[in-house]
$ cat structure_36.cif   # mmCIF, C-alpha atoms
data_run
#
loop_
_atom_site.label_atom_id
_atom_site.label_comp_id
_atom_site.auth_asym_id
_atom_site.auth_seq_id
_atom_site.Cartn_x
_atom_site.Cartn_y
_atom_site.Cartn_z
CA MET H 1 -10.57 -10.20 10.14
CA LEU H 2 -11.64 -8.09 7.17
CA GLN H 3 -8.06 -6.87 6.86
CA LEU H 4 -6.81 -10.45 6.79
CA TYR H 5 -9.12 -11.29 3.88
CA LEU H 6 -8.13 -8.09 2.10
CA LEU H 7 -4.45 -8.90 2.63
CA TRP H 8 -4.65 -12.31 1.00
CA ILE H 9 -7.01 -11.12 -1.74
CA VAL H 10 -4.51 -8.40 -2.69
CA VAL H 11 -1.49 -10.69 -2.31
CA VAL H 12 -2.93 -13.73 -4.09
CA LEU H 13 -5.44 -12.39 -6.62
CA GLY H 14 -3.51 -9.17 -7.21
CA GLY H 15 -0.29 -11.16 -7.44
CA PHE H 16 -1.68 -13.52 -10.06
CA TYR H 17 -3.24 -10.65 -12.02
CA MET H 18 0.03 -8.70 -12.14
CA GLY H 19 2.25 -11.75 -12.58
CA VAL H 20 0.25 -13.48 -15.31
CA GLY H 21 -0.44 -10.15 -17.03
CA SER H 22 3.29 -9.35 -17.11
CA VAL H 23 4.10 -12.79 -18.58
CA VAL H 24 1.33 -12.61 -21.21
CA PHE H 25 2.34 -9.08 -22.25
CA GLN H 26 5.96 -10.18 -22.70
CA VAL H 27 4.95 -13.25 -24.72
CA GLN H 28 3.05 -10.96 -27.08
CA ASN H 29 5.46 -8.00 -27.16
CA GLY H 30 8.92 -9.24 -26.20
CA PHE H 31 11.20 -8.95 -23.17
CA ASP H 32 10.99 -6.08 -20.71
CA LEU H 33 13.11 -5.97 -17.54
CA ALA H 34 10.50 -4.30 -15.30
CA LEU H 35 7.80 -6.72 -16.44
CA THR H 36 10.10 -9.69 -15.83
CA LEU H 37 10.76 -8.45 -12.29
CA ASN H 38 7.01 -7.91 -11.84
CA ALA H 39 6.29 -11.46 -13.02
CA VAL H 40 8.86 -13.00 -10.64
CA LEU H 41 7.91 -10.91 -7.59
CA TYR H 42 4.12 -10.96 -7.98
CA LEU H 43 3.90 -14.66 -8.91
CA GLY H 44 6.25 -15.37 -5.99
CA VAL H 45 4.03 -13.64 -3.42
CA ALA H 46 0.90 -15.11 -5.02
CA PHE H 47 2.20 -18.69 -4.73
CA TYR H 48 3.46 -17.95 -1.19
CA GLY H 49 0.04 -16.64 -0.15
CA LEU H 50 -2.10 -19.21 -1.97
CA PRO H 51 -2.05 -21.96 0.73
CA ARG H 52 -2.75 -19.38 3.44
CA PHE H 53 -5.61 -17.88 1.45
CA VAL H 54 -7.10 -21.32 0.78
CA SER H 55 -6.88 -22.34 4.46
CA LEU H 56 -8.47 -19.01 5.45
CA LEU H 57 -11.36 -19.63 3.05
CA ARG H 58 -11.69 -23.26 4.25
CA GLY H 59 -11.84 -22.05 7.87
CA ALA H 60 -14.49 -19.50 6.97
CA LEU H 61 -16.57 -22.11 5.13
CA LYS H 62 -16.34 -24.56 8.08
CA SER H 63 -17.48 -21.95 10.59
CA MET A 64 -13.75 2.49 -24.66
CA THR A 65 -15.59 5.63 -23.69
CA LEU A 66 -15.92 6.65 -20.07
CA ASP A 67 -18.32 9.53 -20.65
CA TRP A 68 -20.87 8.09 -18.23
CA LEU A 69 -18.22 8.35 -15.50
CA SER A 70 -17.27 11.95 -16.08
CA PHE A 71 -18.65 14.70 -13.93
CA GLU A 72 -17.15 17.90 -15.23
CA ILE A 73 -17.42 21.35 -13.71
CA TRP A 74 -15.28 24.28 -14.97
CA GLY A 75 -13.11 21.95 -17.00
CA VAL A 76 -12.38 19.67 -14.07
CA ASP A 77 -13.37 16.00 -14.29
CA TRP A 78 -14.16 15.38 -10.64
CA VAL A 79 -14.25 11.58 -10.91
CA SER A 80 -10.70 11.10 -12.25
CA THR A 81 -9.39 14.09 -10.27
CA GLY A 82 -11.02 12.70 -7.14
CA PHE A 83 -9.32 9.33 -7.64
CA ARG A 84 -5.97 11.00 -8.30
CA GLY A 85 -6.43 12.97 -5.07
CA LEU A 86 -7.53 9.89 -3.12
CA HIS A 87 -4.55 7.88 -4.36
CA ALA A 88 -2.09 10.67 -3.50
CA LEU A 89 -3.77 11.32 -0.14
CA MET A 90 -3.48 7.62 0.73
CA ALA A 91 0.27 7.71 0.02
CA ALA A 92 0.62 10.80 2.23
CA ALA A 93 -1.47 9.20 5.02
CA TRP A 94 0.58 6.01 4.76
CA LEU A 95 3.83 7.88 5.41
CA LEU A 96 2.33 10.12 8.11
CA PHE A 97 0.80 7.22 10.06
CA ASP A 98 3.99 5.20 9.67
CA PHE A 99 5.95 8.10 11.22
CA LEU A 100 3.47 8.12 14.14
CA VAL A 101 4.01 4.40 14.66
CA PHE A 102 7.77 4.93 14.53
CA TRP A 103 7.54 7.72 17.13
CA LEU A 104 5.36 5.60 19.45
CA HIS A 105 7.62 2.56 19.29
CA PHE A 106 10.40 4.24 21.32
CA ASP A 107 8.21 4.36 24.49
CA ILE A 108 6.75 0.92 23.88
CA LYS A 109 10.10 -0.84 23.82
CA ASN A 110 11.50 1.11 26.78
CA PRO A 111 11.15 -1.00 29.99
CA ALA A 112 11.89 2.05 32.17
CA ILE A 113 8.49 3.56 31.29
CA PRO A 114 5.46 2.47 33.41
CA ILE A 115 3.64 -0.52 31.95
CA ALA A 116 0.25 1.26 31.78
CA ARG A 117 1.72 4.00 29.59
CA ARG A 118 3.51 1.51 27.36
CA LEU A 119 0.35 -0.54 26.98
CA GLU A 120 -1.72 2.54 26.12
CA ARG A 121 0.82 3.53 23.45
CA ALA A 122 0.90 -0.02 22.11
CA ARG A 123 -2.90 0.03 21.72
CA ILE A 124 -2.72 3.37 19.88
CA MET A 125 0.12 2.04 17.72
CA HIS A 126 -1.87 -1.09 16.91
CA GLY A 127 -4.90 1.04 15.93
CA ILE A 128 -2.78 3.24 13.64
CA ASP A 129 -1.12 0.13 12.20
CA VAL A 130 -4.57 -1.21 11.20
CA VAL A 131 -5.23 2.04 9.29
CA VAL A 132 -1.78 1.82 7.65
CA GLY A 133 -2.59 -1.77 6.65
CA TYR A 134 -5.85 -0.76 4.95
CA VAL A 135 -4.16 2.15 3.17
CA PHE A 136 -1.34 -0.11 1.94
CA LEU A 137 -3.75 -2.78 0.69
CA LEU A 138 -6.21 -0.34 -0.94
CA MET A 139 -3.43 1.47 -2.82
CA PHE A 140 -3.38 -1.39 -5.32
CA PRO A 141 -7.10 -1.47 -6.32
CA THR A 142 -7.38 2.36 -6.31
CA GLY A 143 -4.29 2.49 -8.54
CA LEU A 144 -5.85 0.04 -10.99
CA VAL A 145 -9.10 2.07 -11.04
CA LEU A 146 -7.01 5.20 -11.64
CA CYS A 147 -5.28 3.49 -14.59
CA TRP A 148 -8.69 2.70 -16.03
CA LEU A 149 -10.08 6.20 -15.47
CA THR A 150 -7.04 7.95 -16.93
CA ASP A 151 -6.72 5.50 -19.82
CA THR A 152 -3.24 4.37 -18.72
CA PRO A 153 -2.42 0.80 -19.88
CA VAL A 154 -1.27 -1.23 -16.86
CA PHE A 155 1.42 -3.35 -18.56
CA GLU A 156 2.40 -1.08 -21.46
CA THR A 157 3.45 1.95 -19.41
CA GLY A 158 7.17 1.81 -18.59
CA TRP A 159 7.23 4.07 -15.52
CA LEU A 160 4.14 2.31 -14.11
CA ASN A 161 5.85 -1.07 -14.47
CA TRP A 162 8.75 0.18 -12.34
CA LYS A 163 6.29 1.56 -9.80
CA HIS A 164 4.69 -1.89 -9.62
CA VAL A 165 8.11 -3.49 -9.08
CA LEU A 166 8.65 -1.23 -6.04
CA TYR A 167 5.13 -1.95 -4.75
CA ALA A 168 5.86 -5.70 -5.04
CA VAL A 169 8.94 -5.18 -2.83
CA ILE A 170 6.70 -3.39 -0.30
CA VAL A 171 4.29 -6.36 -0.38
CA ILE A 172 7.19 -8.73 0.41
CA ASP A 173 8.32 -6.32 3.14
CA ALA A 174 4.80 -6.32 4.60
CA LEU A 175 4.68 -10.12 4.63
CA TYR A 176 7.90 -10.02 6.67
CA LEU A 177 6.55 -7.33 9.05
CA ILE A 178 3.07 -8.77 9.73
CA PRO A 179 4.14 -11.63 12.07
CA ILE A 180 6.30 -9.15 14.04
CA SER A 181 3.62 -6.48 14.41
CA GLY A 182 1.57 -8.13 17.17
CA THR A 183 4.48 -8.98 19.50
CA ALA A 184 4.52 -5.73 21.52
CA LEU A 185 0.83 -5.63 22.44
CA ARG A 186 0.73 -9.36 23.24
CA ASN A 187 3.84 -9.25 25.46
CA LEU A 188 2.82 -6.03 27.25
CA ARG A 189 -0.56 -7.57 28.09
CA ALA A 190 1.28 -10.62 29.46
CA ILE A 191 3.57 -8.38 31.56
CA GLU A 192 0.58 -6.46 32.94
CA ALA A 193 -1.20 -9.72 33.81
CA GLY A 194 1.94 -10.98 35.58
CA GLU A 195 2.35 -13.89 33.18
CA GLY A 196 5.82 -15.04 32.16
CA ASP A 197 9.23 -13.51 32.75
CA PRO A 198 9.06 -9.69 32.24
CA ASP A 199 12.75 -9.49 31.27
CA ARG A 200 12.32 -12.09 28.56
CA LEU A 201 9.08 -10.47 27.31
CA ASN A 202 10.72 -7.02 27.24
CA HIS A 203 13.70 -8.45 25.39
CA GLU A 204 11.32 -9.98 22.83
CA ILE A 205 9.59 -6.63 22.31
CA ARG A 206 12.86 -4.76 21.86
CA HIS A 207 14.31 -7.47 19.63
CA SER A 208 11.22 -7.69 17.37
CA MET A 209 10.96 -3.90 17.02
CA ASN A 210 14.65 -3.49 16.23
CA ARG A 211 14.37 -6.32 13.70
CA ALA A 212 11.43 -4.54 12.02
CA MET A 213 13.19 -1.18 11.67
CA PRO A 214 15.19 -1.83 8.45
CA ALA A 215 12.01 -3.11 6.77
CA VAL A 216 10.09 -0.01 7.94
CA PHE A 217 12.81 2.32 6.62
CA LEU A 218 12.74 0.43 3.32
CA VAL A 219 8.97 1.01 3.03
CA TRP A 220 9.48 4.78 3.56
CA VAL A 221 12.19 4.95 0.91
CA LEU A 222 10.11 2.95 -1.57
CA VAL A 223 6.93 5.00 -0.99
CA PHE A 224 9.00 8.18 -1.46
CA VAL A 225 10.55 6.89 -4.70
CA ILE A 226 7.12 5.74 -5.96
CA SER A 227 5.71 9.22 -5.21
CA VAL A 228 8.55 10.89 -7.14
CA ILE A 229 8.06 8.52 -10.11
CA SER A 230 4.32 9.33 -10.09
CA LEU A 231 4.90 13.09 -9.84
CA LEU A 232 7.34 13.06 -12.76
CA ASN A 233 4.85 11.14 -14.90
CA LEU A 234 1.55 12.83 -14.03
CA LYS A 235 -0.55 12.43 -17.12
CA THR A 236 -1.85 15.59 -18.74
CA PRO A 237 -4.71 14.98 -21.17
CA PRO A 238 -3.67 15.66 -24.80
CA ASP A 239 -3.53 19.35 -25.71
CA GLN A 240 -4.48 20.33 -22.19
CA GLU A 241 -2.35 22.99 -20.56
CA TYR A 242 -3.15 22.20 -16.94
CA ILE A 243 -2.97 18.77 -15.37
CA PHE A 244 -6.43 18.72 -13.84
CA ARG A 245 -8.46 21.23 -15.87
CA LYS A 246 -8.86 22.54 -19.39
CA THR A 247 -8.19 26.17 -20.31
CA ALA A 248 -11.12 28.45 -21.19
CA ALA A 249 -10.16 28.17 -24.88
CA GLU A 250 -10.15 24.36 -24.72
CA ARG A 251 -13.53 24.37 -23.03
CA ALA A 252 -14.92 26.67 -25.73
CA GLU A 253 -13.57 24.32 -28.42
CA ASP A 254 -14.94 21.17 -26.75
CA PRO A 255 -18.73 21.03 -27.15
CA THR A 256 -19.06 18.24 -24.54
CA SER A 257 -17.65 20.32 -21.67
#
$ encode --input "structure_36.cif" --output "structure tokens"
Amino acid sequence: MLQLYLLWIVVVLGGFYMGVGSVVFQVQNGFDLALTLNAVLYLGVAFYGLPRFVSLLRGALKS
Amino acid sequence: MTLDWLSFEIWGVDWVSTGFRGLHALMAAAWLLFDFLVFWLHFDIKNPAIPIARRLERARIMHGIDVVVGYVFLLMFPTGLVLCWLTDTPVFETGWLNWKHVLYAVIVIDALYLIPISGTALRNLRAIEAGEGDPDRLNHEIRHSMNRAMPAVFLVWVLVFVISVISLLNLKTPPDQEYIFRKTAAERAEDPTS
């Protein structure tokens, strides 16, 4: 169960951290291919994992 | 930002940052090693000619190792970020690190594909042992799911190897320091804090 929480914490929170960070850095400093790929991939996995992470937290709060 | 309170230096070696470098590298090595063990075990697990008790035992071992691999994979990310902080490496400004993060993101996607597959073998073998369901169908499911997972597993190995090479080629040596992990005697004599 701990691994499941860790998985979604890394995927969702880590994904948003890396994705948003990559976007913000590019807004301030201009285009970078690696950062663009990072933004697309990390924000993609973060949005994919968000509903699962929320339902996991809801389940934990109910029980 | 000064990190003096975090440094624990003996004979020119900062054991905190060196320890984290070692931990991060050791985790990558363990990841590959344990993944090879899982790969080696999977041949017996998917083989219906082998007695069910032996297959089930191997599936339990494989599942246990897989849990360790999962923790290593997930903890690579936070330990990497701590390492960036300790070694004063900007997360988004460092070109080679950005490419490393791209490859790690592909591994994350790969893992999200592999996770639903990973429990099939143990679940189906337990069902076969309990006499539930059609053994041929359950065996086919095991073989099919494991064969489906193989390209993704090979991709993880390649990506971890490439990430390791990128890291090795960009190991950060502190300014004016001859060795990667420690200062020379002359540098230590010059630096009053060490």
$ closest_residue --input "structure_36.cif" --among "A:Val171, A:Ile108, A:Val76, A:Ile205" --to "Tyr42 of chain H" --atoms "only C-alpha atoms"
A:Val171
$ interface_residues --input "structure_36.cif" --of "chain A" --to "chain H" --cutoff "10 Å" --atoms "only C-alpha atoms" --output "PDB file with C-alpha atoms, keeping the file's coordinate frame"
ATOM      1  CA  VAL A 130      -4.570  -1.210  11.200  1.00  0.00           C
ATOM      2  CA  VAL A 131      -5.230   2.040   9.290  1.00  0.00           C
ATOM      3  CA  GLY A 133      -2.590  -1.770   6.650  1.00  0.00           C
ATOM      4  CA  TYR A 134      -5.850  -0.760   4.950  1.00  0.00           C
ATOM      5  CA  PHE A 136      -1.340  -0.110   1.940  1.00  0.00           C
ATOM      6  CA  LEU A 137      -3.750  -2.780   0.690  1.00  0.00           C
ATOM      7  CA  LEU A 138      -6.210  -0.340  -0.940  1.00  0.00           C
ATOM      8  CA  MET A 139      -3.430   1.470  -2.820  1.00  0.00           C
ATOM      9  CA  PHE A 140      -3.380  -1.390  -5.320  1.00  0.00           C
ATOM     10  CA  PRO A 141      -7.100  -1.470  -6.320  1.00  0.00           C
ATOM     11  CA  VAL A 154      -1.270  -1.230 -16.860  1.00  0.00           C
ATOM     12  CA  PHE A 155       1.420  -3.350 -18.560  1.00  0.00           C
ATOM     13  CA  GLU A 156       2.400  -1.080 -21.460  1.00  0.00           C
ATOM     14  CA  GLY A 158       7.170   1.810 -18.590  1.00  0.00           C
ATOM     15  CA  TRP A 159       7.230   4.070 -15.520  1.00  0.00           C
ATOM     16  CA  LEU A 160       4.140   2.310 -14.110  1.00  0.00           C
ATOM     17  CA  ASN A 161       5.850  -1.070 -14.470  1.00  0.00           C
ATOM     18  CA  TRP A 162       8.750   0.180 -12.340  1.00  0.00           C
ATOM     19  CA  LYS A 163       6.290   1.560  -9.800  1.00  0.00           C
ATOM     20  CA  HIS A 164       4.690  -1.890  -9.620  1.00  0.00           C
ATOM     21  CA  VAL A 165       8.110  -3.490  -9.080  1.00  0.00           C
ATOM     22  CA  LEU A 166       8.650  -1.230  -6.040  1.00  0.00           C
ATOM     23  CA  TYR A 167       5.130  -1.950  -4.750  1.00  0.00           C
ATOM     24  CA  ALA A 168       5.860  -5.700  -5.040  1.00  0.00           C
ATOM     25  CA  VAL A 169       8.940  -5.180  -2.830  1.00  0.00           C
ATOM     26  CA  VAL A 171       4.290  -6.360  -0.380  1.00  0.00           C
ATOM     27  CA  ILE A 172       7.190  -8.730   0.410  1.00  0.00           C
ATOM     28  CA  ALA A 174       4.800  -6.320   4.600  1.00  0.00           C
ATOM     29  CA  LEU A 175       4.680 -10.120   4.630  1.00  0.00           C
TER      30      LEU A 175
END
$ residues_around --input "structure_36.cif" --residues "segment 178-180 of chain A" --least-positions-apart "2" --cutoff "10 Å" --atoms "all atoms listed in the file" --output "tab-separated table (two decimals) with C-alpha atoms, in the frame of the given file"
chain	number	residue	atom	x	y	z
A	133	GLY	CA	-2.59	-1.77	6.65
A	173	ASP	CA	8.32	-6.32	3.14
A	174	ALA	CA	4.80	-6.32	4.60
A	175	LEU	CA	4.68	-10.12	4.63
A	176	TYR	CA	7.90	-10.02	6.67
A	182	GLY	CA	1.57	-8.13	17.17
A	183	THR	CA	4.48	-8.98	19.50
A	184	ALA	CA	4.52	-5.73	21.52
A	205	ILE	CA	9.59	-6.63	22.31
A	207	HIS	CA	14.31	-7.47	19.63
A	208	SER	CA	11.22	-7.69	17.37
A	209	MET	CA	10.96	-3.90	17.02
A	211	ARG	CA	14.37	-6.32	13.70
A	212	ALA	CA	11.43	-4.54	12.02
$ resolve_selection --input "structure_36.cif" --expression "the PyMOL selection byres ((chain A and resi 144-146) around 10)" --output "PyMOL selection string"
chain A and resi 79-84+86-87+139-143+147-154
$ atom_distance --input "structure_36.cif" --atom1 "atom CA of Ile170 of chain A" --atom2 "atom CA of Ile124 of chain A"
23.3 Å
$ atom_distance --input "structure_36.cif" --atom1 "atom CA of Ala122 of chain A" --atom2 "atom CA of Leu185 of chain A"
5.6 Å
$ atom_distance --input "structure_36.cif" --atom1 "atom CA of Leu218 of chain A" --atom2 "atom CA of Leu96 of chain A"
15.0 Å
$ closest_residue --input "structure_36.cif" --among "H:Leu57, H:Ser63, H:Ala46, H:Pro51" --to "Val12 of chain H" --atoms "only C-alpha atoms"
H:Ala46
$ residues_around --input "structure_36.cif" --residues "Glu120 of chain A" --least-positions-apart "5" --cutoff "12 Å" --atoms "all atoms listed in the file" --output "list of chain:residue names"
A:Leu104, A:His105, A:Asp107, A:Ile108, A:Ile113, A:Pro114, A:Ile115, A:Met125, A:His126, A:Gly127, A:Ala184, A:Leu185, A:Leu188, A:Arg189, A:Glu192
$ axis_aligned_box --input "structure_36.cif" --around "segment 127-136 of chain A" --padding-each-side "3 Å" --output "lines of an AutoDock Vina configuration file"
center_x = -3.5
center_y = 0.7
center_z = 8.9
size_x = 10.7
size_y = 11.0
size_z = 20.0
